[in-house]
>>> print(open('upload-v6.cif').read())   # mmCIF, C-alpha atoms
data_structure
loop_
_atom_site.group_PDB
_atom_site.id
_atom_site.type_symbol
_atom_site.label_atom_id
_atom_site.label_comp_id
_atom_site.auth_asym_id
_atom_site.auth_seq_id
_atom_site.Cartn_x
_atom_site.Cartn_y
_atom_site.Cartn_z
ATOM 1 C CA MET S 1 -23.008 42.815 -106.936
ATOM 2 C CA ARG S 2 -20.536 42.209 -104.138
ATOM 3 C CA ALA S 3 -22.102 44.392 -101.439
ATOM 4 C CA SER S 4 -24.698 47.014 -100.559
ATOM 5 C CA VAL S 5 -23.781 49.723 -98.049
ATOM 6 C CA VAL S 6 -26.802 51.113 -96.185
ATOM 7 C CA ILE S 7 -26.405 54.500 -94.476
ATOM 8 C CA PRO S 8 -29.238 55.821 -92.272
ATOM 9 C CA ASN S 9 -29.429 59.614 -92.218
ATOM 10 C CA GLY S 10 -31.463 62.249 -90.429
ATOM 11 C CA ASN S 11 -30.411 65.871 -90.891
ATOM 12 C CA GLY S 12 -26.855 64.650 -91.272
ATOM 13 C CA ARG S 13 -25.701 66.772 -94.199
ATOM 14 C CA HIS S 14 -22.642 67.870 -92.177
ATOM 15 C CA HIS S 15 -21.634 64.210 -91.742
ATOM 16 C CA LEU S 16 -22.425 62.899 -95.207
ATOM 17 C CA GLU S 17 -19.722 64.858 -96.982
ATOM 18 C CA THR S 18 -16.956 63.012 -95.138
ATOM 19 C CA CYS S 19 -18.753 59.668 -95.008
ATOM 20 C CA LEU S 20 -19.484 59.516 -98.745
ATOM 21 C CA ALA S 21 -16.072 60.910 -99.724
ATOM 22 C CA ALA S 22 -14.452 58.031 -97.835
ATOM 23 C CA LEU S 23 -16.652 55.489 -99.615
ATOM 24 C CA ALA S 24 -15.768 57.014 -102.989
ATOM 25 C CA VAL S 25 -12.116 55.974 -102.574
ATOM 26 C CA GLN S 26 -12.645 52.434 -101.309
ATOM 27 C CA THR S 27 -10.339 49.821 -102.803
ATOM 28 C CA GLU S 28 -13.364 47.521 -103.136
ATOM 29 C CA ARG S 29 -15.336 48.850 -106.086
ATOM 30 C CA ASP S 30 -18.180 46.363 -106.575
ATOM 31 C CA PHE S 31 -20.776 47.843 -104.266
ATOM 32 C CA GLU S 32 -23.757 50.155 -104.155
ATOM 33 C CA ILE S 33 -24.625 52.813 -101.588
ATOM 34 C CA ILE S 34 -28.151 53.352 -100.296
ATOM 35 C CA CYS S 35 -28.752 56.449 -98.188
ATOM 36 C CA VAL S 36 -31.981 56.100 -96.211
ATOM 37 C CA ASP S 37 -33.262 59.532 -95.265
ATOM 38 C CA ASN S 38 -35.409 60.037 -92.157
ATOM 39 C CA GLU S 39 -37.455 63.090 -93.141
ATOM 40 C CA SER S 40 -34.433 65.400 -93.148
ATOM 41 C CA THR S 41 -35.218 69.099 -93.124
ATOM 42 C CA ASP S 42 -31.666 70.128 -94.007
ATOM 43 C CA ASP S 43 -30.199 69.783 -97.515
ATOM 44 C CA SER S 44 -29.026 66.189 -97.063
ATOM 45 C CA VAL S 45 -30.950 64.846 -100.056
ATOM 46 C CA ALA S 46 -30.017 67.727 -102.348
ATOM 47 C CA PHE S 47 -26.357 67.387 -101.363
ATOM 48 C CA VAL S 48 -26.263 63.669 -102.152
ATOM 49 C CA GLU S 49 -28.120 64.102 -105.429
ATOM 50 C CA SER S 50 -25.785 66.843 -106.626
ATOM 51 C CA THR S 51 -22.434 65.490 -105.450
ATOM 52 C CA HIS S 52 -22.872 61.699 -105.389
ATOM 53 C CA PRO S 53 -25.391 60.854 -108.124
ATOM 54 C CA SER S 54 -24.551 57.139 -107.993
ATOM 55 C CA VAL S 55 -25.877 56.916 -104.418
ATOM 56 C CA ARG S 56 -29.428 55.593 -104.234
ATOM 57 C CA ILE S 57 -31.592 57.729 -101.974
ATOM 58 C CA LEU S 58 -34.482 56.119 -100.160
ATOM 59 C CA ARG S 59 -36.679 58.833 -98.685
ATOM 60 C CA LEU S 60 -38.869 57.722 -95.799
ATOM 61 C CA ALA S 61 -42.160 59.475 -95.158
ATOM 62 C CA TRP S 62 -41.586 58.894 -91.456
ATOM 63 C CA ASN S 63 -38.658 58.947 -89.053
ATOM 64 C CA GLY S 64 -37.415 55.383 -88.792
ATOM 65 C CA VAL S 65 -34.594 56.499 -86.440
ATOM 66 C CA PHE S 66 -32.083 53.642 -86.768
ATOM 67 C CA ALA S 67 -34.000 50.360 -86.842
ATOM 68 C CA GLY S 68 -36.735 51.535 -89.200
ATOM 69 C CA ALA S 69 -34.272 53.243 -91.529
ATOM 70 C CA VAL S 70 -31.856 50.336 -91.888
ATOM 71 C CA ASN S 71 -34.712 47.864 -92.285
ATOM 72 C CA ALA S 72 -36.031 49.904 -95.199
ATOM 73 C CA GLY S 73 -32.535 50.045 -96.636
ATOM 74 C CA ILE S 74 -31.943 46.313 -96.239
ATOM 75 C CA ARG S 75 -35.149 45.564 -98.141
ATOM 76 C CA ALA S 76 -33.887 47.720 -101.025
ATOM 77 C CA THR S 77 -30.432 46.145 -101.309
ATOM 78 C CA ARG S 78 -29.160 44.143 -104.262
ATOM 79 C CA GLY S 79 -25.724 43.059 -103.050
ATOM 80 C CA ASP S 80 -24.645 39.619 -101.890
ATOM 81 C CA THR S 81 -23.518 41.132 -98.578
ATOM 82 C CA ILE S 82 -25.377 43.853 -96.684
ATOM 83 C CA VAL S 83 -23.184 46.388 -94.913
ATOM 84 C CA LEU S 84 -24.502 48.927 -92.409
ATOM 85 C CA LEU S 85 -22.600 52.149 -91.810
ATOM 86 C CA ASN S 86 -23.399 55.158 -89.630
ATOM 87 C CA ASN S 87 -23.409 58.497 -91.405
ATOM 88 C CA ASP S 88 -21.092 60.034 -88.781
ATOM 89 C CA THR S 89 -18.126 57.874 -89.784
ATOM 90 C CA GLU S 90 -15.051 57.991 -91.974
ATOM 91 C CA ALA S 91 -13.915 54.629 -93.331
ATOM 92 C CA GLU S 92 -10.319 53.930 -94.246
ATOM 93 C CA PRO S 93 -9.820 53.158 -97.965
ATOM 94 C CA ARG S 94 -9.441 49.401 -97.385
ATOM 95 C CA TRP S 95 -12.304 49.210 -94.868
ATOM 96 C CA LEU S 96 -14.882 47.518 -97.095
ATOM 97 C CA GLU S 97 -12.345 45.230 -98.759
ATOM 98 C CA GLU S 98 -11.067 44.038 -95.381
ATOM 99 C CA LEU S 99 -14.557 43.642 -93.921
ATOM 100 C CA LEU S 100 -15.714 41.479 -96.824
ATOM 101 C CA ALA S 101 -12.446 39.511 -96.800
ATOM 102 C CA ALA S 102 -12.949 38.630 -93.132
ATOM 103 C CA LEU S 103 -16.387 37.271 -93.923
ATOM 104 C CA ASP S 104 -15.084 35.366 -96.945
ATOM 105 C CA ALA S 105 -12.383 33.763 -94.812
ATOM 106 C CA ALA S 106 -14.960 32.494 -92.287
ATOM 107 C CA PRO S 107 -17.577 30.526 -94.232
ATOM 108 C CA ASP S 108 -19.183 29.406 -90.968
ATOM 109 C CA ALA S 109 -19.834 33.034 -89.931
ATOM 110 C CA SER S 110 -22.712 35.257 -91.014
ATOM 111 C CA VAL S 111 -21.543 38.598 -89.589
ATOM 112 C CA ALA S 112 -18.302 40.589 -89.593
ATOM 113 C CA ALA S 113 -17.574 43.421 -87.146
ATOM 114 C CA SER S 114 -15.379 46.408 -87.994
ATOM 115 C CA LYS S 115 -12.787 47.993 -85.742
ATOM 116 C CA MET S 116 -14.316 51.351 -84.812
ATOM 117 C CA LEU S 117 -12.062 54.100 -83.474
ATOM 118 C CA LEU S 118 -12.812 57.514 -82.026
ATOM 119 C CA TRP S 119 -12.996 60.357 -84.508
ATOM 120 C CA ASP S 120 -10.940 62.787 -82.441
ATOM 121 C CA ARG S 121 -8.550 60.227 -80.881
ATOM 122 C CA ARG S 122 -7.686 57.931 -83.723
ATOM 123 C CA ASP S 123 -5.503 55.649 -81.646
ATOM 124 C CA THR S 124 -8.413 54.941 -79.263
ATOM 125 C CA LEU S 125 -11.066 52.274 -79.684
ATOM 126 C CA HIS S 126 -14.782 52.802 -79.765
ATOM 127 C CA SER S 127 -15.636 49.182 -80.565
ATOM 128 C CA ALA S 128 -13.731 46.013 -81.326
ATOM 129 C CA GLY S 129 -17.079 44.278 -81.578
ATOM 130 C CA ASP S 130 -19.767 44.040 -78.909
ATOM 131 C CA TYR S 131 -20.113 42.072 -75.699
ATOM 132 C CA TYR S 132 -23.086 41.242 -73.470
ATOM 133 C CA ARG S 133 -22.457 40.614 -69.799
ATOM 134 C CA LEU S 134 -24.107 38.093 -67.527
ATOM 135 C CA ASP S 135 -25.786 40.948 -65.636
ATOM 136 C CA GLY S 136 -27.684 41.968 -68.790
ATOM 137 C CA ILE S 137 -25.528 44.972 -69.701
ATOM 138 C CA PRO S 138 -24.143 45.268 -73.235
ATOM 139 C CA GLY S 139 -21.120 47.243 -74.319
ATOM 140 C CA SER S 140 -18.324 47.787 -76.798
ATOM 141 C CA ARG S 141 -15.143 45.763 -76.449
ATOM 142 C CA GLY S 142 -12.162 48.021 -75.832
ATOM 143 C CA VAL S 143 -14.105 51.288 -75.610
ATOM 144 C CA TRP S 144 -11.860 54.188 -74.477
ATOM 145 C CA GLU S 145 -8.776 51.933 -74.604
ATOM 146 C CA ARG S 146 -5.731 52.700 -76.729
ATOM 147 C CA ASP S 147 -5.671 50.492 -79.815
ATOM 148 C CA ASP S 148 -2.509 48.525 -79.059
ATOM 149 C CA GLY S 149 -3.631 45.438 -80.972
ATOM 150 C CA ARG S 150 -4.721 43.424 -77.953
ATOM 151 C CA TYR S 151 -8.038 42.518 -79.604
ATOM 152 C CA ASP S 152 -6.698 41.834 -83.075
ATOM 153 C CA ALA S 153 -6.137 38.105 -82.564
ATOM 154 C CA ASP S 154 -9.740 37.546 -81.496
ATOM 155 C CA HIS S 155 -11.765 35.770 -84.139
ATOM 156 C CA TYR S 156 -15.274 34.752 -83.086
ATOM 157 C CA ILE S 157 -16.908 37.314 -80.815
ATOM 158 C CA PHE S 158 -20.327 37.881 -79.250
ATOM 159 C CA GLY S 159 -21.554 40.247 -81.950
ATOM 160 C CA ALA S 160 -21.054 43.336 -84.076
ATOM 161 C CA CYS S 161 -21.858 46.982 -83.542
ATOM 162 C CA ALA S 162 -24.313 47.710 -86.348
ATOM 163 C CA GLY S 163 -22.705 51.104 -86.912
ATOM 164 C CA ALA S 164 -20.164 49.388 -89.199
ATOM 165 C CA ALA S 165 -20.875 45.717 -89.860
ATOM 166 C CA ALA S 166 -21.375 43.252 -92.713
ATOM 167 C CA TYR S 167 -24.090 40.587 -92.913
ATOM 168 C CA ARG S 168 -24.598 37.788 -95.404
ATOM 169 C CA ARG S 169 -27.841 38.245 -97.291
ATOM 170 C CA GLY S 170 -29.331 34.999 -95.985
ATOM 171 C CA PHE S 171 -28.734 36.102 -92.403
ATOM 172 C CA PHE S 172 -31.725 38.443 -92.332
ATOM 173 C CA ASP S 173 -33.872 35.897 -94.179
ATOM 174 C CA ASP S 174 -33.231 33.510 -91.304
ATOM 175 C CA ILE S 175 -33.530 35.691 -88.206
ATOM 176 C CA GLY S 176 -35.530 38.661 -89.454
ATOM 177 C CA LEU S 177 -34.709 42.354 -89.506
ATOM 178 C CA PHE S 178 -33.992 44.764 -86.647
ATOM 179 C CA ASP S 179 -36.733 45.057 -84.033
ATOM 180 C CA GLN S 180 -38.327 48.438 -84.704
ATOM 181 C CA SER S 181 -40.168 48.370 -81.376
ATOM 182 C CA LEU S 182 -36.790 49.039 -79.733
ATOM 183 C CA VAL S 183 -36.686 52.333 -81.701
ATOM 184 C CA ALA S 184 -33.014 53.140 -81.055
ATOM 185 C CA TYR S 185 -30.051 51.793 -79.095
ATOM 186 C CA CYS S 186 -29.474 48.081 -78.450
ATOM 187 C CA GLU S 187 -31.223 46.965 -81.654
ATOM 188 C CA ASP S 188 -27.929 45.341 -82.589
ATOM 189 C CA VAL S 189 -27.677 43.693 -79.150
ATOM 190 C CA ASP S 190 -31.076 42.099 -79.742
ATOM 191 C CA LEU S 191 -29.992 41.104 -83.258
ATOM 192 C CA ASN S 192 -26.755 39.579 -81.935
ATOM 193 C CA ILE S 193 -28.599 37.419 -79.406
ATOM 194 C CA ARG S 194 -31.175 36.298 -81.971
ATOM 195 C CA ALA S 195 -28.301 35.421 -84.289
ATOM 196 C CA LEU S 196 -26.580 33.327 -81.641
ATOM 197 C CA LEU S 197 -29.843 31.543 -80.832
ATOM 198 C CA ARG S 198 -30.048 30.484 -84.482
ATOM 199 C CA GLY S 199 -26.422 29.330 -84.564
ATOM 200 C CA HIS S 200 -24.907 32.261 -86.490
ATOM 201 C CA ARG S 201 -21.388 33.408 -85.703
ATOM 202 C CA CYS S 202 -19.685 36.796 -85.835
ATOM 203 C CA VAL S 203 -16.044 37.398 -86.781
ATOM 204 C CA PHE S 204 -13.955 40.426 -85.899
ATOM 205 C CA ALA S 205 -12.173 42.183 -88.780
ATOM 206 C CA PRO S 206 -9.425 44.286 -87.122
ATOM 207 C CA ALA S 207 -8.077 45.572 -90.452
ATOM 208 C CA ALA S 208 -11.511 47.008 -91.366
ATOM 209 C CA ARG S 209 -11.058 50.363 -89.660
ATOM 210 C CA VAL S 210 -13.575 53.185 -89.416
ATOM 211 C CA TYR S 211 -13.559 56.393 -87.375
ATOM 212 C CA HIS S 212 -16.743 57.352 -85.540
ATOM 213 C CA ARG S 213 -17.974 60.663 -84.153
ATOM 214 C CA LEU S 214 -19.267 59.097 -80.952
ATOM 215 C CA SER S 215 -22.898 60.099 -80.215
ATOM 216 C CA ALA S 216 -22.812 62.747 -82.925
ATOM 217 C CA THR S 217 -26.294 61.710 -84.025
ATOM 218 C CA GLY S 218 -27.695 60.721 -80.659
ATOM 219 C CA GLY S 219 -26.917 60.650 -76.956
ATOM 220 C CA GLY S 220 -28.255 62.602 -73.994
ATOM 221 C CA ALA S 221 -31.670 61.906 -72.517
ATOM 222 C CA PHE S 222 -32.844 60.171 -75.696
ATOM 223 C CA ALA S 223 -30.080 57.569 -75.446
ATOM 224 C CA SER S 224 -30.479 57.200 -71.687
ATOM 225 C CA TYR S 225 -34.185 56.472 -71.998
ATOM 226 C CA TYR S 226 -33.960 53.875 -74.760
ATOM 227 C CA CYS S 227 -30.873 52.160 -73.365
ATOM 228 C CA ALA S 228 -32.547 51.791 -69.977
ATOM 229 C CA ARG S 229 -35.833 50.553 -71.450
ATOM 230 C CA ASN S 230 -34.207 48.194 -73.914
ATOM 231 C CA PHE S 231 -31.796 46.694 -71.373
ATOM 232 C CA VAL S 232 -34.837 45.437 -69.463
ATOM 233 C CA THR S 233 -36.716 44.288 -72.559
ATOM 234 C CA ILE S 234 -33.823 42.369 -74.074
ATOM 235 C CA ALA S 235 -32.814 40.623 -70.852
ATOM 236 C CA ALA S 236 -36.407 39.526 -70.241
ATOM 237 C CA ARG S 237 -37.208 38.431 -73.788
ATOM 238 C CA ASP S 238 -33.981 37.302 -75.410
ATOM 239 C CA LEU S 239 -31.952 35.362 -72.881
ATOM 240 C CA PRO S 240 -32.339 31.568 -72.925
ATOM 241 C CA ALA S 241 -34.236 30.337 -69.872
ATOM 242 C CA PRO S 242 -31.246 28.500 -68.299
ATOM 243 C CA ILE S 243 -29.150 31.678 -68.465
ATOM 244 C CA ALA S 244 -31.969 33.807 -67.053
ATOM 245 C CA ARG S 245 -32.474 31.353 -64.175
ATOM 246 C CA ARG S 246 -28.758 31.162 -63.360
ATOM 247 C CA HIS S 247 -28.082 34.905 -63.471
ATOM 248 C CA TRP S 248 -31.358 36.672 -62.645
ATOM 249 C CA ARG S 249 -29.962 37.989 -59.361
ATOM 250 C CA SER S 250 -27.106 39.715 -61.167
ATOM 251 C CA ILE S 251 -29.497 41.116 -63.777
ATOM 252 C CA VAL S 252 -31.962 42.475 -61.213
ATOM 253 C CA GLY S 253 -29.160 43.705 -58.962
ATOM 254 C CA ARG S 254 -27.603 45.656 -61.780
ATOM 255 C CA GLN S 255 -30.906 47.318 -62.619
ATOM 256 C CA VAL S 256 -31.368 48.300 -58.979
ATOM 257 C CA ALA S 257 -27.842 49.730 -58.901
ATOM 258 C CA LEU S 258 -28.493 51.779 -62.041
ATOM 259 C CA ALA S 259 -31.715 53.150 -60.560
ATOM 260 C CA LEU S 260 -30.028 54.057 -57.263
ATOM 261 C CA GLU S 261 -27.266 55.819 -59.173
ATOM 262 C CA ALA S 262 -29.742 57.845 -61.250
ATOM 263 C CA ALA S 263 -32.290 58.701 -58.553
ATOM 264 C CA PRO S 264 -30.313 61.409 -56.686
ATOM 265 C CA LYS S 265 -29.529 63.164 -59.977
ATOM 266 C CA ALA S 266 -32.974 62.940 -61.550
ATOM 267 C CA LEU S 267 -34.168 66.415 -60.566
ATOM 268 C CA ARG S 268 -31.166 68.200 -62.055
ATOM 269 C CA GLU S 269 -29.989 65.920 -64.884
ATOM 270 C CA PRO S 270 -32.389 65.107 -67.764
ATOM 271 C CA ALA S 271 -30.386 62.000 -68.686
ATOM 272 C CA ALA S 272 -30.754 60.555 -65.176
ATOM 273 C CA LEU S 273 -34.499 61.178 -65.181
ATOM 274 C CA ALA S 274 -34.734 59.629 -68.635
ATOM 275 C CA ARG S 275 -32.944 56.518 -67.383
ATOM 276 C CA LEU S 276 -35.472 56.077 -64.594
ATOM 277 C CA ARG S 277 -38.344 56.572 -67.021
ATOM 278 C CA GLY S 278 -36.814 54.028 -69.355
ATOM 279 C CA GLN S 279 -36.421 51.454 -66.600
ATOM 280 C CA PHE S 280 -40.003 52.031 -65.495
ATOM 281 C CA ASP S 281 -41.328 51.597 -69.033
ATOM 282 C CA GLY S 282 -39.176 48.505 -69.484
ATOM 283 C CA ILE S 283 -40.643 46.951 -66.337
ATOM 284 C CA ARG S 284 -44.147 48.004 -67.361
ATOM 285 C CA GLY S 285 -43.583 46.294 -70.696
ATOM 286 C CA LEU S 286 -42.408 43.009 -69.195
ATOM 287 C CA PRO S 287 -45.657 41.106 -69.945
ATOM 288 C CA HIS S 288 -45.271 41.940 -73.631
ATOM 289 C CA ALA S 289 -41.572 41.063 -73.605
ATOM 290 C CA LEU S 290 -42.191 37.738 -71.895
ATOM 291 C CA ALA S 291 -45.005 36.962 -74.331
ATOM 292 C CA GLY S 292 -42.491 37.253 -77.173
ATOM 293 C CA ARG S 293 -40.173 34.622 -75.746
ATOM 294 C CA ALA S 294 -42.013 31.615 -77.139
ATOM 295 C CA ALA S 295 -41.723 32.654 -80.775
ATOM 296 C CA MET S 296 -38.063 33.602 -80.408
ATOM 297 C CA HIS S 297 -36.818 30.628 -78.432
ATOM 298 C CA GLY S 298 -39.005 28.105 -80.200
ATOM 299 C CA ARG S 299 -36.740 28.529 -83.242
ATOM 300 C CA ALA S 300 -33.460 28.360 -81.317
ATOM 301 C CA LYS S 301 -30.841 25.952 -82.635
ATOM 302 C CA ALA S 302 -27.780 26.744 -80.518
ATOM 303 C CA ASP S 303 -26.906 25.274 -77.134
ATOM 304 C CA TRP S 304 -27.456 27.957 -74.481
ATOM 305 C CA ARG S 305 -24.051 27.063 -73.025
ATOM 306 C CA VAL S 306 -22.369 28.422 -76.136
ATOM 307 C CA ILE S 307 -24.111 31.748 -75.620
ATOM 308 C CA GLU S 308 -23.284 31.800 -71.915
ATOM 309 C CA SER S 309 -19.616 31.127 -72.660
ATOM 310 C CA LEU S 310 -19.485 34.181 -74.934
ATOM 311 C CA MET S 311 -21.231 36.259 -72.290
ATOM 312 C CA ARG S 312 -18.720 35.151 -69.636
ATOM 313 C CA ARG S 313 -15.926 36.736 -71.617
ATOM 314 C CA GLY S 314 -17.415 40.120 -70.919
ATOM 315 C CA PRO S 315 -15.564 43.224 -72.063
ATOM 316 C CA ARG S 316 -12.033 41.860 -71.778
ATOM 317 C CA PRO S 317 -9.836 40.563 -74.628
ATOM 318 C CA VAL S 318 -10.336 36.905 -75.484
ATOM 319 C CA GLY S 319 -8.692 34.331 -77.707
ATOM 320 C CA ASP S 320 -10.175 32.425 -80.584
ATOM 321 C CA ALA S 321 -13.430 30.541 -79.930
#
>>> encode(input="upload-v6.cif", output="structure tokens")
Amino acid sequence: MRASVVIPNGNGRHHLETCLAALAVQTERDFEIICVDNESTDDSVAFVESTHPSVRILRLAWNGVFAGAVNAGIRATRGDTIVLLNNDTEAEPRWLEELLAALDAAPDASVAASKMLLWDRRDTLHSAGDYYRLDGIPGSRGVWERDDGRYDADHYIFGACAGAAAYRRGFFDDIGLFDQSLVAYCEDVDLNIRALLRGHRCVFAPAARVYHRLSATGGGAFASYYCARNFVTIAARDLPAPIARRHWRSIVGRQVALALEAAPKALREPAALARLRGQFDGIRGLPHALAGRAAMHGRAKADWRVIESLMRRGPRPVGDA
């Protein structure tokens, strides 16, 4: 089988109709769909069973949020390539064909990133792949910018947004699955850094287009908490020591700036309070994060300078690596 598409779902019946309808008309036909359900209390499972009987449903007895759900789905896949797709998306008919073609054309790459556009402004980017700055802040390349093609010539990039990305099967065998301790948000940032440490590369597939209802299944205080906590955890645990030593002032300074920005709003804005709580829990968890460095970096194969060079590009358009 050419590919397996894994869709995490939690009470997303209202999204699945569009998502699965788009997959039903893909020009690439040799693939399976696995819908991983996080204890939905709506009629998600019944809807899929009645309208898309070819879709495999994997019902979790617990809420895996994102990381736990996709990990369960990945373990159940049979395809040569594993593709992750958010349920709140609509893929263009050639999306999967183009995504797989980009990976086929780059035998030295293990990951391909889709071009994700906003659902309600379809000429505006959500993600042309991901970046990770030297101050420890991740983000989406091109977010909120009009899609004028400025990113299309980029080839190798820092990493993919896991909301619409393809991975060679052996990739997860080498670096492991998503870190479920992160719960939600930035799991793909952690995965991207672990991939780079092991020498894996990510290509951008600009013709693989998918439209995303931004934060339709998340956001608010929940997102603020886990982003804040995971920013601290990932910077402390994942960055190679030479990069951490060279840029720790920028990393710490950015965290201080985020806290100072949130503090005056914390009493009236739940998201601001959640950010502060997340930062606090991230700092409190530093001993555990630092203890995990040895296992991660002991298996590193890539030169840290390669990773730093990708980080230096930041959120702006770049040329081929």
>>> residues_around(input="upload-v6.cif", residues="S:Glu97", least_positions_apart="6", cutoff="9 Å", atoms="only C-alpha atoms", output="PyMOL selection string")
chain S and resi 26-29+208
>>> resolve_selection(input="upload-v6.cif", expression="the PyMOL selection byres ((chain S and resi 209-213) around 6)", output="ChimeraX atom specification")
/S:88-92,95,115-119,207-208,214,216
>>> residues_around(input="upload-v6.cif", residues="S:Ser127", least_positions_apart="6", cutoff="9 Å", atoms="all atoms listed in the file", output="ChimeraX atom specification")
/S:113-118,139-144,160-161
>>> closest_atom_pairs(input="upload-v6.cif", of="stretch 92-199 of chain S", to="stretch 2-21 of chain S", cutoff="12 Å", atoms="all atoms listed in the file", output="JSON lines")
{"residue": "S:Glu92", "atom": "CA", "partner": "S:Cys19", "partner_atom": "CA", "distance": 10.2}
{"residue": "S:Pro93", "atom": "CA", "partner": "S:Ala21", "partner_atom": "CA", "distance": 10.1}
{"residue": "S:Trp95", "atom": "CA", "partner": "S:Val5", "partner_atom": "CA", "distance": 11.9}
{"residue": "S:Leu96", "atom": "CA", "partner": "S:Ala3", "partner_atom": "CA", "distance": 9.0}
{"residue": "S:Glu97", "atom": "CA", "partner": "S:Ala3", "partner_atom": "CA", "distance": 10.2}
{"residue": "S:Leu99", "atom": "CA", "partner": "S:Ala3", "partner_atom": "CA", "distance": 10.7}
{"residue": "S:Leu100", "atom": "CA", "partner": "S:Ala3", "partner_atom": "CA", "distance": 8.4}
{"residue": "S:Ala101", "atom": "CA", "partner": "S:Arg2", "partner_atom": "CA", "distance": 11.3}
{"residue": "S:Leu103", "atom": "CA", "partner": "S:Ala3", "partner_atom": "CA", "distance": 11.8}
{"residue": "S:Asp104", "atom": "CA", "partner": "S:Arg2", "partner_atom": "CA", "distance": 11.3}
{"residue": "S:Trp119", "atom": "CA", "partner": "S:Thr18", "partner_atom": "CA", "distance": 11.7}
{"residue": "S:Ala162", "atom": "CA", "partner": "S:Val6", "partner_atom": "CA", "distance": 10.7}
{"residue": "S:Gly163", "atom": "CA", "partner": "S:Ile7", "partner_atom": "CA", "distance": 9.1}
{"residue": "S:Ala164", "atom": "CA", "partner": "S:Val5", "partner_atom": "CA", "distance": 9.6}
{"residue": "S:Ala165", "atom": "CA", "partner": "S:Val5", "partner_atom": "CA", "distance": 9.6}
{"residue": "S:Ala166", "atom": "CA", "partner": "S:Val5", "partner_atom": "CA", "distance": 8.7}
{"residue": "S:Tyr167", "atom": "CA", "partner": "S:Ala3", "partner_atom": "CA", "distance": 9.5}
{"residue": "S:Arg168", "atom": "CA", "partner": "S:Ala3", "partner_atom": "CA", "distance": 9.3}
{"residue": "S:Arg169", "atom": "CA", "partner": "S:Ala3", "partner_atom": "CA", "distance": 9.4}
>>> closest_residue(input="upload-v6.cif", among="S:Asp303, S:Asp135, S:Asp130, S:Asp108", to="S:Tyr151", atoms="only C-alpha atoms")
S:Asp130
>>> atom_distance(input="upload-v6.cif", atom1="atom CA of S:His297", atom2="atom CA of S:Val65")
27.2 Å
>>> resolve_selection(input="upload-v6.cif", expression="the PyMOL selection byres ((chain S and resi 55) around 6)", output="short mmCIF file (atom, residue, chain, number, x, y, z; two decimals) with C-alpha atoms, in the coordinates of the input")
data_model
loop_
_atom_site.label_atom_id
_atom_site.label_comp_id
_atom_site.auth_asym_id
_atom_site.auth_seq_id
_atom_site.Cartn_x
_atom_site.Cartn_y
_atom_site.Cartn_z
CA ILE S 33 -24.62 52.81 -101.59
CA ILE S 34 -28.15 53.35 -100.30
CA HIS S 52 -22.87 61.70 -105.39
CA PRO S 53 -25.39 60.85 -108.12
CA SER S 54 -24.55 57.14 -107.99
CA ARG S 56 -29.43 55.59 -104.23
#
>>> resolve_selection(input="upload-v6.cif", expression="the PyMOL selection byres ((chain S and resi 203) around 9)", output="PyMOL selection string")
chain S and resi 102-103+106+109-113+129+154-160+201-202+204-205
>>> axis_aligned_box(input="upload-v6.cif", around="stretch 118-137 of chain S", padding_each_side="5 Å", output="JSON")
{"center_x": -16.6, "center_y": 50.4, "center_z": -75.1, "size_x": 32.2, "size_y": 34.7, "size_z": 28.9}
>>> closest_residue(input="upload-v6.cif", among="S:Ala244, S:Leu58, S:Ile251, S:Ile175", to="S:Arg299", atoms="only C-alpha atoms")
S:Ile175
>>> atom_distance(input="upload-v6.cif", atom1="atom CA of S:Pro240", atom2="atom CA of S:Ala300")
9.1 Å
>>> atom_distance(input="upload-v6.cif", atom1="atom CA of S:Arg150", atom2="atom CA of S:Ala105")
20.9 Å
>>> residues_around(input="upload-v6.cif", residues="S:Phe222", least_positions_apart="3", cutoff="10 Å", atoms="all atoms listed in the file", output="list in words")
Ala184, Tyr185, Gly218, Gly219, Tyr225, Tyr226, Cys227, Pro270, Ala271, Ala274, Arg275 and Gly278 of chain S
>>> residues_around(input="upload-v6.cif", residues="S:Asp147", least_positions_apart="5", cutoff="10 Å", atoms="all atoms listed in the file", output="list in words")
Lys115, Leu117, Arg122, Asp123, Thr124, Leu125, His126, Ala128, Gly142 and Asp152 of chain S
>>> decode(input="upload-v6.cif", residues="stretch 138-156 of chain S", atoms="C-alpha atoms", output="mmCIF file, in the first residue's frame")
data_model
loop_
_atom_site.group_PDB
_atom_site.id
_atom_site.type_symbol
_atom_site.label_atom_id
_atom_site.label_comp_id
_atom_site.auth_asym_id
_atom_site.auth_seq_id
_atom_site.Cartn_x
_atom_site.Cartn_y
_atom_site.Cartn_z
ATOM 1 C CA PRO S 138 8.740 27.920 16.947
ATOM 2 C CA GLY S 139 6.308 29.036 14.291
ATOM 3 C CA SER S 140 4.787 28.528 10.872
ATOM 4 C CA ARG S 141 6.580 29.921 7.841
ATOM 5 C CA GLY S 142 4.437 32.492 6.064
ATOM 6 C CA VAL S 143 1.570 32.505 8.568
ATOM 7 C CA TRP S 144 -0.958 35.291 7.803
ATOM 8 C CA GLU S 145 0.905 36.183 4.586
ATOM 9 C CA ARG S 146 -0.729 36.150 1.165
ATOM 10 C CA ASP S 147 0.344 33.080 -0.792
ATOM 11 C CA ASP S 148 2.217 34.814 -3.608
ATOM 12 C CA GLY S 149 4.586 31.903 -4.208
ATOM 13 C CA ARG S 150 7.546 33.353 -2.339
ATOM 14 C CA TYR S 151 8.101 30.090 -0.443
ATOM 15 C CA ASP S 152 7.520 27.725 -3.336
ATOM 16 C CA ALA S 153 11.161 27.509 -4.419
ATOM 17 C CA ASP S 154 12.295 26.437 -0.956
ATOM 18 C CA HIS S 155 13.255 22.790 -0.820
ATOM 19 C CA TYR S 156 14.810 21.640 2.454
#
